[in-house]
Amino acid sequence: MIIANPLYDVVFKYLLEDLEIARGLLSAILGEEVQALEVKPQETAIETGGGLNILRFDFKAVVRKADGSLHKVLIELQKAKKAFDVSRFRKYLGENYRKEDNVLTSSDTSEKRALPIITIYFLGFPLENIPAGVVKINREYRDVVTQEVLNVRDEFVELLTHDSYVIQVRRLPKDARSELERILQVFSPIYQTLSDKHQYDFRGEVEDALLQKMLQRLGRAIASDEIRDKMEVEDEIERIFDREMQKKQAIINEQQKRLAEQETLLTEQQQRAEAEKQRADQEQQKNLTLLKELEELKKQLGRT
């Protein structure tokens, strides 16, 4: 089945603008039912810096926990095709920590409060030290002295910390081992066609209802001239970035070469100075020896 390459920002954004698909995908990733989902249009943006993009979604969700309780949370989803300064990821997270929303209190009144945050990172590049395709970084409450895990939750702590999910599309296995991996297969670059990097020839299992919806929408995306044009723009941005990076790398290489030459020259100068000092010390020692011999000779002559 031919579909649009979902790793392009414009395609990924088009896919998740369907809130039913977004709700199903987030539920699969979290392993909890997302009952309601709202994306804030003003918080959906493609942030560009130095030619590289971070596609950012901020969702407000109502999640049903395993015990049946409902919780309102912020889900921050970011996607990046290439690795670069992690501070930009942290910047967006910091913005969300400052946000507040209406929350129903125990006395059935509504008041403005900060919401717990869950972060999800779709990465188009592999992390060196993490071999798994999908990783959850979660928190636990542990007594430091006894090392006992405390089965508790406290609102103060929950609002100051957060769980994270990291999805490395290049590390997703070819043979899916779970429902989540079957769904995420649609993002795997192993299906990219050789003739056209804008499209995938998806050959994975398609029995899952959510995956079928995703494939249908991605099929419509590849048929859209507007989306194809925007994919071309992304390609051009990357080409410009790569050229600039090559220029900068050439400058860095030249500077490193000059620095190495200066270090070599300095080392040679230091070695010459050391050798000169050693010769001077030897000459001084020789002179002292001759002086002692002369003094001894004078003493002998004086006795005669």
# chains A, B, ... in the order shown; residues from 1 in each chain; ligands from 1
$ residues_around --residues "segment 113-127 of chain A" --least-positions-apart "4" --cutoff "7 Å" --atoms "only C-alpha atoms" --output "list in words"
Lys72, Val73, Leu74, Ile75, Glu76, Leu77, Gln78, Lys79, Ala80, Lys81, Lys82, Ala83, Lys99, Glu100, Asp101, Asn102, Val103, Glu158, Leu159, His162, Asp163, Ser164, Tyr165, Val166, Ile167, Gln168, Val169, Arg170 and Arg171 of chain A
$ write_last_selection --atoms "N, CA, C and O atoms" --output "JSON list (two decimals), in the first residue's frame"
[["chain", "number", "residue", "atom", "x", "y", "z"],
["A", 72, "LYS", "N", -7.06, 14.73, 34.17],
["A", 72, "LYS", "CA", -6.78, 15.66, 33.08],
["A", 72, "LYS", "C", -5.27, 15.92, 33.07],
["A", 72, "LYS", "O", -4.67, 16.23, 34.10],
["A", 73, "VAL", "N", -4.67, 15.79, 31.90],
["A", 73, "VAL", "CA", -3.22, 15.96, 31.78],
["A", 73, "VAL", "C", -2.90, 16.73, 30.51],
["A", 73, "VAL", "O", -3.72, 16.85, 29.60],
["A", 74, "LEU", "N", -1.68, 17.27, 30.48],
["A", 74, "LEU", "CA", -1.14, 17.83, 29.26],
["A", 74, "LEU", "C", -0.21, 16.78, 28.63],
["A", 74, "LEU", "O", 0.61, 16.20, 29.32],
["A", 75, "ILE", "N", -0.38, 16.56, 27.35],
["A", 75, "ILE", "CA", 0.52, 15.66, 26.63],
["A", 75, "ILE", "C", 1.28, 16.49, 25.61],
["A", 75, "ILE", "O", 0.70, 17.08, 24.71],
["A", 76, "GLU", "N", 2.56, 16.57, 25.81],
["A", 76, "GLU", "CA", 3.43, 17.33, 24.89],
["A", 76, "GLU", "C", 4.11, 16.35, 23.96],
["A", 76, "GLU", "O", 4.85, 15.47, 24.40],
["A", 77, "LEU", "N", 3.84, 16.46, 22.68],
["A", 77, "LEU", "CA", 4.44, 15.57, 21.69],
["A", 77, "LEU", "C", 5.34, 16.39, 20.78],
["A", 77, "LEU", "O", 4.92, 17.41, 20.23],
["A", 78, "GLN", "N", 6.58, 15.95, 20.64],
["A", 78, "GLN", "CA", 7.52, 16.62, 19.76],
["A", 78, "GLN", "C", 8.15, 15.60, 18.82],
["A", 78, "GLN", "O", 8.41, 14.46, 19.21],
["A", 79, "LYS", "N", 8.37, 16.02, 17.58],
["A", 79, "LYS", "CA", 8.99, 15.15, 16.59],
["A", 79, "LYS", "C", 10.15, 15.88, 15.95],
["A", 79, "LYS", "O", 10.04, 17.04, 15.57],
["A", 80, "ALA", "N", 11.27, 15.19, 15.84],
["A", 80, "ALA", "CA", 12.44, 15.77, 15.18],
["A", 80, "ALA", "C", 13.06, 14.71, 14.28],
["A", 80, "ALA", "O", 13.17, 13.54, 14.66],
["A", 81, "LYS", "N", 13.45, 15.12, 13.08],
["A", 81, "LYS", "CA", 14.03, 14.18, 12.11],
["A", 81, "LYS", "C", 15.52, 13.98, 12.34],
["A", 81, "LYS", "O", 16.07, 12.94, 12.03],
["A", 82, "LYS", "N", 16.20, 15.01, 12.87],
["A", 82, "LYS", "CA", 17.64, 14.93, 13.06],
["A", 82, "LYS", "C", 18.01, 15.40, 14.46],
["A", 82, "LYS", "O", 17.29, 16.17, 15.08],
["A", 83, "ALA", "N", 19.16, 14.95, 14.92],
["A", 83, "ALA", "CA", 19.63, 15.30, 16.25],
["A", 83, "ALA", "C", 20.21, 16.71, 16.26],
["A", 83, "ALA", "O", 20.89, 17.11, 15.32],
["A", 99, "LYS", "N", 1.77, 26.55, 32.47],
["A", 99, "LYS", "CA", 0.37, 26.66, 32.07],
["A", 99, "LYS", "C", -0.57, 26.12, 33.14],
["A", 99, "LYS", "O", -0.23, 25.21, 33.89],
["A", 100, "GLU", "N", -1.76, 26.70, 33.16],
["A", 100, "GLU", "CA", -2.80, 26.25, 34.09],
["A", 100, "GLU", "C", -4.08, 25.99, 33.32],
["A", 100, "GLU", "O", -4.27, 26.50, 32.21],
["A", 101, "ASP", "N", -4.98, 25.18, 33.92],
["A", 101, "ASP", "CA", -6.25, 24.88, 33.28],
["A", 101, "ASP", "C", -7.30, 24.68, 34.36],
["A", 101, "ASP", "O", -6.98, 24.49, 35.54],
["A", 102, "ASN", "N", -8.56, 24.72, 33.95],
["A", 102, "ASN", "CA", -9.65, 24.53, 34.90],
["A", 102, "ASN", "C", -9.69, 23.07, 35.34],
["A", 102, "ASN", "O", -9.73, 22.15, 34.52],
["A", 103, "VAL", "N", -9.68, 22.85, 36.66],
["A", 103, "VAL", "CA", -9.70, 21.51, 37.23],
["A", 103, "VAL", "C", -10.81, 21.45, 38.26],
["A", 103, "VAL", "O", -11.00, 22.38, 39.06],
["A", 158, "GLU", "N", 3.79, 15.15, 41.67],
["A", 158, "GLU", "CA", 3.31, 14.87, 40.31],
["A", 158, "GLU", "C", 3.42, 16.09, 39.41],
["A", 158, "GLU", "O", 3.67, 15.97, 38.20],
["A", 159, "LEU", "N", 3.22, 17.27, 39.97],
["A", 159, "LEU", "CA", 3.24, 18.49, 39.17],
["A", 159, "LEU", "C", 4.66, 19.00, 38.93],
["A", 159, "LEU", "O", 4.86, 19.90, 38.12],
["A", 162, "HIS", "N", 7.58, 14.36, 35.61],
["A", 162, "HIS", "CA", 6.71, 13.84, 34.55],
["A", 162, "HIS", "C", 7.28, 12.56, 33.96],
["A", 162, "HIS", "O", 8.48, 12.30, 34.02],
["A", 163, "ASP", "N", 6.38, 11.76, 33.37],
["A", 163, "ASP", "CA", 6.78, 10.57, 32.63],
["A", 163, "ASP", "C", 7.08, 10.96, 31.19],
["A", 163, "ASP", "O", 6.50, 11.92, 30.66],
["A", 164, "SER", "N", 7.97, 10.20, 30.57],
["A", 164, "SER", "CA", 8.33, 10.46, 29.17],
["A", 164, "SER", "C", 8.33, 9.17, 28.36],
["A", 164, "SER", "O", 8.61, 8.09, 28.90],
["A", 165, "TYR", "N", 8.03, 9.31, 27.09],
["A", 165, "TYR", "CA", 8.11, 8.20, 26.14],
["A", 165, "TYR", "C", 8.99, 8.63, 24.98],
["A", 165, "TYR", "O", 8.83, 9.72, 24.45],
["A", 166, "VAL", "N", 9.93, 7.77, 24.63],
["A", 166, "VAL", "CA", 10.84, 8.05, 23.51],
["A", 166, "VAL", "C", 10.62, 6.97, 22.45],
["A", 166, "VAL", "O", 10.74, 5.78, 22.74],
["A", 167, "ILE", "N", 10.28, 7.41, 21.25],
["A", 167, "ILE", "CA", 10.03, 6.49, 20.14],
["A", 167, "ILE", "C", 11.09, 6.73, 19.07],
["A", 167, "ILE", "O", 11.15, 7.81, 18.48],
["A", 168, "GLN", "N", 11.95, 5.75, 18.87],
["A", 168, "GLN", "CA", 13.00, 5.84, 17.86],
["A", 168, "GLN", "C", 12.55, 5.03, 16.64],
["A", 168, "GLN", "O", 12.63, 3.79, 16.65],
["A", 169, "VAL", "N", 12.07, 5.70, 15.62],
["A", 169, "VAL", "CA", 11.47, 4.98, 14.50],
["A", 169, "VAL", "C", 12.50, 4.10, 13.78],
["A", 169, "VAL", "O", 12.13, 3.07, 13.20],
["A", 170, "ARG", "N", 13.77, 4.48, 13.84],
["A", 170, "ARG", "CA", 14.79, 3.68, 13.15],
["A", 170, "ARG", "C", 15.18, 2.44, 13.95],
["A", 170, "ARG", "O", 15.95, 1.61, 13.45],
["A", 171, "ARG", "N", 14.69, 2.32, 15.15],
["A", 171, "ARG", "CA", 14.98, 1.13, 15.96],
["A", 171, "ARG", "C", 13.75, 0.25, 16.13],
["A", 171, "ARG", "O", 13.78, -0.72, 16.89]]
$ closest_atom_pairs --of "segment 161-239 of chain A" --to "segment 25-35 of chain A" --cutoff "9 Å" --atoms "only C-alpha atoms" --output "CSV"
residue,atom,partner,partner_atom,distance
A:Tyr165,CA,A:Ile29,CA,7.9
A:Glu179,CA,A:Ala28,CA,7.8
A:Leu180,CA,A:Ala28,CA,5.7
A:Ile183,CA,A:Leu25,CA,7.8
A:Leu184,CA,A:Leu25,CA,8.6
A:Leu210,CA,A:Leu25,CA,7.7
A:Leu211,CA,A:Leu25,CA,9.0
$ atom_distance --atom1 "atom CA of Asn151 of chain A" --atom2 "atom CA of Arg64 of chain A"
18.6 Å
$ residues_around --residues "segment 187-191 of chain A" --least-positions-apart "2" --cutoff "8 Å" --atoms "only C-alpha atoms" --output "MDAnalysis selection string"
chainID A and resid 5:7 169:170 172 174 184:185 193 200:203
$ write_last_selection --atoms "C-alpha atoms" --output "PDB file, in the first residue's frame"
ATOM      1  CA  ASN A   5       6.166   9.246   4.361  1.00  0.00           C
ATOM      2  CA  PRO A   6       4.920  10.149   7.875  1.00  0.00           C
ATOM      3  CA  LEU A   7       8.355  11.336   9.001  1.00  0.00           C
ATOM      4  CA  VAL A 169      11.473   4.981  14.502  1.00  0.00           C
ATOM      5  CA  ARG A 170      14.790   3.679  13.152  1.00  0.00           C
ATOM      6  CA  LEU A 172      11.465  -0.277  15.539  1.00  0.00           C
ATOM      7  CA  LYS A 174      10.614  -5.348  11.442  1.00  0.00           C
ATOM      8  CA  LEU A 184       4.076   2.248  15.061  1.00  0.00           C
ATOM      9  CA  GLN A 185       5.254   0.197  12.072  1.00  0.00           C
ATOM     10  CA  THR A 193      10.590   3.390  -1.461  1.00  0.00           C
ATOM     11  CA  TYR A 200       6.254   4.379   1.808  1.00  0.00           C
ATOM     12  CA  ASP A 201       5.236   1.041   0.367  1.00  0.00           C
ATOM     13  CA  PHE A 202       3.664  -0.274   3.553  1.00  0.00           C
ATOM     14  CA  ARG A 203       3.664  -4.067   3.766  1.00  0.00           C
TER      15      ARG A 203
END
$ select_by_dssp --residues "segment 78-276 of chain A" --states "strand (DSSP E or B)" --output "PyMOL selection string"
chain A and resi 78-80+100-104+110-114+117-123+134-137+141-142+149-150+163-168+192+199-201
$ select_by_dssp --residues "segment 104-201 of chain A" --states "alpha helix (DSSP H)" --output "list in words"
Glu155, Phe156, Val157, Glu158, Glu179, Leu180, Glu181, Arg182, Ile183 and Leu184 of chain A
$ write_last_selection --atoms "N, CA and C atoms" --output "PDB file, in the first residue's frame"
ATOM      1  N   GLU A 155       0.240  15.087  44.792  1.00  0.00           N
ATOM      2  CA  GLU A 155       0.019  16.103  43.763  1.00  0.00           C
ATOM      3  C   GLU A 155       1.222  17.036  43.633  1.00  0.00           C
ATOM      4  N   PHE A 156       1.831  17.401  44.732  1.00  0.00           N
ATOM      5  CA  PHE A 156       2.985  18.297  44.696  1.00  0.00           C
ATOM      6  C   PHE A 156       4.102  17.700  43.837  1.00  0.00           C
ATOM      7  N   VAL A 157       4.397  16.416  44.075  1.00  0.00           N
ATOM      8  CA  VAL A 157       5.460  15.734  43.328  1.00  0.00           C
ATOM      9  C   VAL A 157       5.047  15.522  41.874  1.00  0.00           C
ATOM     10  N   GLU A 158       3.788  15.151  41.674  1.00  0.00           N
ATOM     11  CA  GLU A 158       3.310  14.871  40.315  1.00  0.00           C
ATOM     12  C   GLU A 158       3.416  16.087  39.409  1.00  0.00           C
ATOM     13  N   GLU A 179       0.835  -4.874  20.063  1.00  0.00           N
ATOM     14  CA  GLU A 179      -0.119  -4.019  19.337  1.00  0.00           C
ATOM     15  C   GLU A 179       0.490  -2.645  19.076  1.00  0.00           C
ATOM     16  N   LEU A 180       1.196  -2.101  20.060  1.00  0.00           N
ATOM     17  CA  LEU A 180       1.806  -0.788  19.885  1.00  0.00           C
ATOM     18  C   LEU A 180       2.828  -0.818  18.751  1.00  0.00           C
ATOM     19  N   GLU A 181       3.689  -1.828  18.729  1.00  0.00           N
ATOM     20  CA  GLU A 181       4.688  -1.904  17.666  1.00  0.00           C
ATOM     21  C   GLU A 181       4.035  -2.103  16.305  1.00  0.00           C
ATOM     22  N   ARG A 182       2.918  -2.821  16.254  1.00  0.00           N
ATOM     23  CA  ARG A 182       2.204  -2.984  14.974  1.00  0.00           C
ATOM     24  C   ARG A 182       1.688  -1.644  14.470  1.00  0.00           C
ATOM     25  N   ILE A 183       1.212  -0.810  15.383  1.00  0.00           N
ATOM     26  CA  ILE A 183       0.708   0.508  14.995  1.00  0.00           C
ATOM     27  C   ILE A 183       1.849   1.420  14.576  1.00  0.00           C
ATOM     28  N   LEU A 184       2.940   1.372  15.340  1.00  0.00           N
ATOM     29  CA  LEU A 184       4.076   2.248  15.061  1.00  0.00           C
ATOM     30  C   LEU A 184       4.844   1.849  13.807  1.00  0.00           C
TER      31      LEU A 184
END
$ closest_residue --among "A:Val39, A:Gly133, A:Val186, A:Arg142" --to "Asp208 of chain A" --atoms "only C-alpha atoms"
A:Val186
$ atom_distance --atom1 "atom CA of Arg303 of chain A" --atom2 "atom CA of Leu291 of chain A"
18.7 Å
$ closest_residue --among "A:Leu37, A:Ala275, A:Leu265, A:Ile137" --to "Asp18 of chain A" --atoms "only C-alpha atoms"
A:Leu37
$ atom_distance --atom1 "atom CA of Gln262 of chain A" --atom2 "atom CA of Ala250 of chain A"
18.2 Å
$ residues_around --residues "segment 226-228 of chain A" --least-positions-apart "4" --cutoff "10 Å" --atoms "only C-alpha atoms" --output "list in words"
Ala4, Tyr8, Val10, Val11, Tyr14, His198, Gln199, Arg220, Ala221, Ile222, Glu232, Val233 and Glu234 of chain A
$ decode --residues "segment 135-147 of chain A" --atoms "all heavy atoms" --output "tab-separated table (two decimals), in the first residue's frame"
chain	number	residue	atom	x	y	z
A	135	VAL	N	10.63	3.46	24.46
A	135	VAL	CA	11.12	3.45	25.84
A	135	VAL	C	10.24	4.36	26.68
A	135	VAL	O	9.92	5.48	26.26
A	135	VAL	CB	12.59	3.92	25.92
A	135	VAL	CG1	13.06	3.97	27.36
A	135	VAL	CG2	13.49	3.03	25.09
A	136	LYS	N	9.87	3.87	27.85
A	136	LYS	CA	9.16	4.71	28.82
A	136	LYS	C	10.10	5.04	29.95
A	136	LYS	O	10.73	4.15	30.53
A	136	LYS	CB	7.92	3.99	29.37
A	136	LYS	CG	7.16	4.83	30.40
A	136	LYS	CD	5.94	4.11	30.94
A	136	LYS	CE	5.20	4.98	31.97
A	136	LYS	NZ	4.02	4.29	32.53
A	137	ILE	N	10.20	6.33	30.27
A	137	ILE	CA	10.99	6.78	31.41
A	137	ILE	C	9.99	7.24	32.46
A	137	ILE	O	9.40	8.32	32.33
A	137	ILE	CB	11.95	7.92	31.03
A	137	ILE	CG1	12.93	7.47	29.92
A	137	ILE	CG2	12.74	8.38	32.24
A	137	ILE	CD1	12.46	7.76	28.53
A	138	ASN	N	9.76	6.40	33.45
A	138	ASN	CA	8.73	6.74	34.43
A	138	ASN	C	9.34	6.97	35.80
A	138	ASN	O	10.53	6.75	36.02
A	138	ASN	CB	7.65	5.66	34.49
A	138	ASN	CG	8.21	4.31	34.90
A	138	ASN	OD1	9.41	4.15	35.03
A	138	ASN	ND2	7.33	3.34	35.09
A	139	ARG	N	8.49	7.39	36.71
A	139	ARG	CA	8.96	7.76	38.04
A	139	ARG	C	8.47	6.75	39.07
A	139	ARG	O	7.44	6.11	38.88
A	139	ARG	CB	8.42	9.14	38.42
A	139	ARG	CG	8.82	10.25	37.47
A	139	ARG	CD	7.78	11.36	37.50
A	139	ARG	NE	6.48	10.86	37.05
A	139	ARG	CZ	5.31	11.40	37.39
A	139	ARG	NH1	5.28	12.45	38.16
A	139	ARG	NH2	4.18	10.90	36.94
A	140	GLU	N	9.20	6.65	40.15
A	140	GLU	CA	8.74	5.87	41.28
A	140	GLU	C	9.11	6.60	42.55
A	140	GLU	O	10.09	7.35	42.59
A	140	GLU	CB	9.34	4.46	41.27
A	140	GLU	CG	10.85	4.42	41.42
A	140	GLU	CD	11.39	3.00	41.42
A	140	GLU	OE1	10.63	2.07	41.09
A	140	GLU	OE2	12.57	2.83	41.76
A	141	TYR	N	8.31	6.40	43.58
A	141	TYR	CA	8.58	6.97	44.89
A	141	TYR	C	9.33	5.91	45.70
A	141	TYR	O	8.80	4.84	45.95
A	141	TYR	CB	7.28	7.32	45.60
A	141	TYR	CG	6.48	8.43	44.96
A	141	TYR	CD1	6.02	8.34	43.66
A	141	TYR	CD2	6.14	9.58	45.68
A	141	TYR	CE1	5.27	9.34	43.08
A	141	TYR	CE2	5.38	10.59	45.12
A	141	TYR	CZ	4.95	10.46	43.81
A	141	TYR	OH	4.19	11.47	43.24
A	142	ARG	N	10.56	6.21	46.10
A	142	ARG	CA	11.38	5.21	46.78
A	142	ARG	C	11.99	5.80	48.05
A	142	ARG	O	12.53	6.91	48.03
A	142	ARG	CB	12.50	4.73	45.85
A	142	ARG	CG	13.40	3.65	46.44
A	142	ARG	CD	14.53	3.29	45.49
A	142	ARG	NE	14.03	2.64	44.29
A	142	ARG	CZ	13.85	1.32	44.18
A	142	ARG	NH1	14.13	0.54	45.20
A	142	ARG	NH2	13.40	0.81	43.06
A	143	ASP	N	11.88	5.05	49.13
A	143	ASP	CA	12.54	5.42	50.39
A	143	ASP	C	14.04	5.24	50.18
A	143	ASP	O	14.51	4.12	49.93
A	143	ASP	CB	12.04	4.53	51.52
A	143	ASP	CG	12.57	4.98	52.88
A	143	ASP	OD1	13.79	5.23	52.98
A	143	ASP	OD2	11.78	5.06	53.84
A	144	VAL	N	14.79	6.32	50.27
A	144	VAL	CA	16.22	6.27	49.97
A	144	VAL	C	16.97	5.38	50.96
A	144	VAL	O	17.94	4.71	50.59
A	144	VAL	CB	16.81	7.70	49.96
A	144	VAL	CG1	18.33	7.65	49.81
A	144	VAL	CG2	16.20	8.52	48.83
A	145	VAL	N	16.54	5.36	52.22
A	145	VAL	CA	17.25	4.58	53.24
A	145	VAL	C	16.97	3.09	53.09
A	145	VAL	O	17.87	2.27	53.03
A	145	VAL	CB	16.87	5.07	54.65
A	145	VAL	CG1	17.52	4.19	55.71
A	145	VAL	CG2	17.27	6.52	54.84
A	146	THR	N	15.68	2.72	53.00
A	146	THR	CA	15.32	1.30	52.95
A	146	THR	C	15.23	0.77	51.54
A	146	THR	O	15.15	-0.44	51.34
A	146	THR	CB	13.95	1.09	53.63
A	146	THR	OG1	12.94	1.76	52.85
A	146	THR	CG2	13.96	1.64	55.05
A	147	GLN	N	15.24	1.66	50.55
A	147	GLN	CA	15.08	1.29	49.14
A	147	GLN	C	13.70	0.70	48.83
A	147	GLN	O	13.49	0.09	47.79
A	147	GLN	CB	16.17	0.32	48.69
A	147	GLN	CG	17.55	0.94	48.65
A	147	GLN	CD	17.62	2.11	47.68
A	147	GLN	OE1	17.35	1.97	46.49
A	147	GLN	NE2	17.97	3.28	48.18
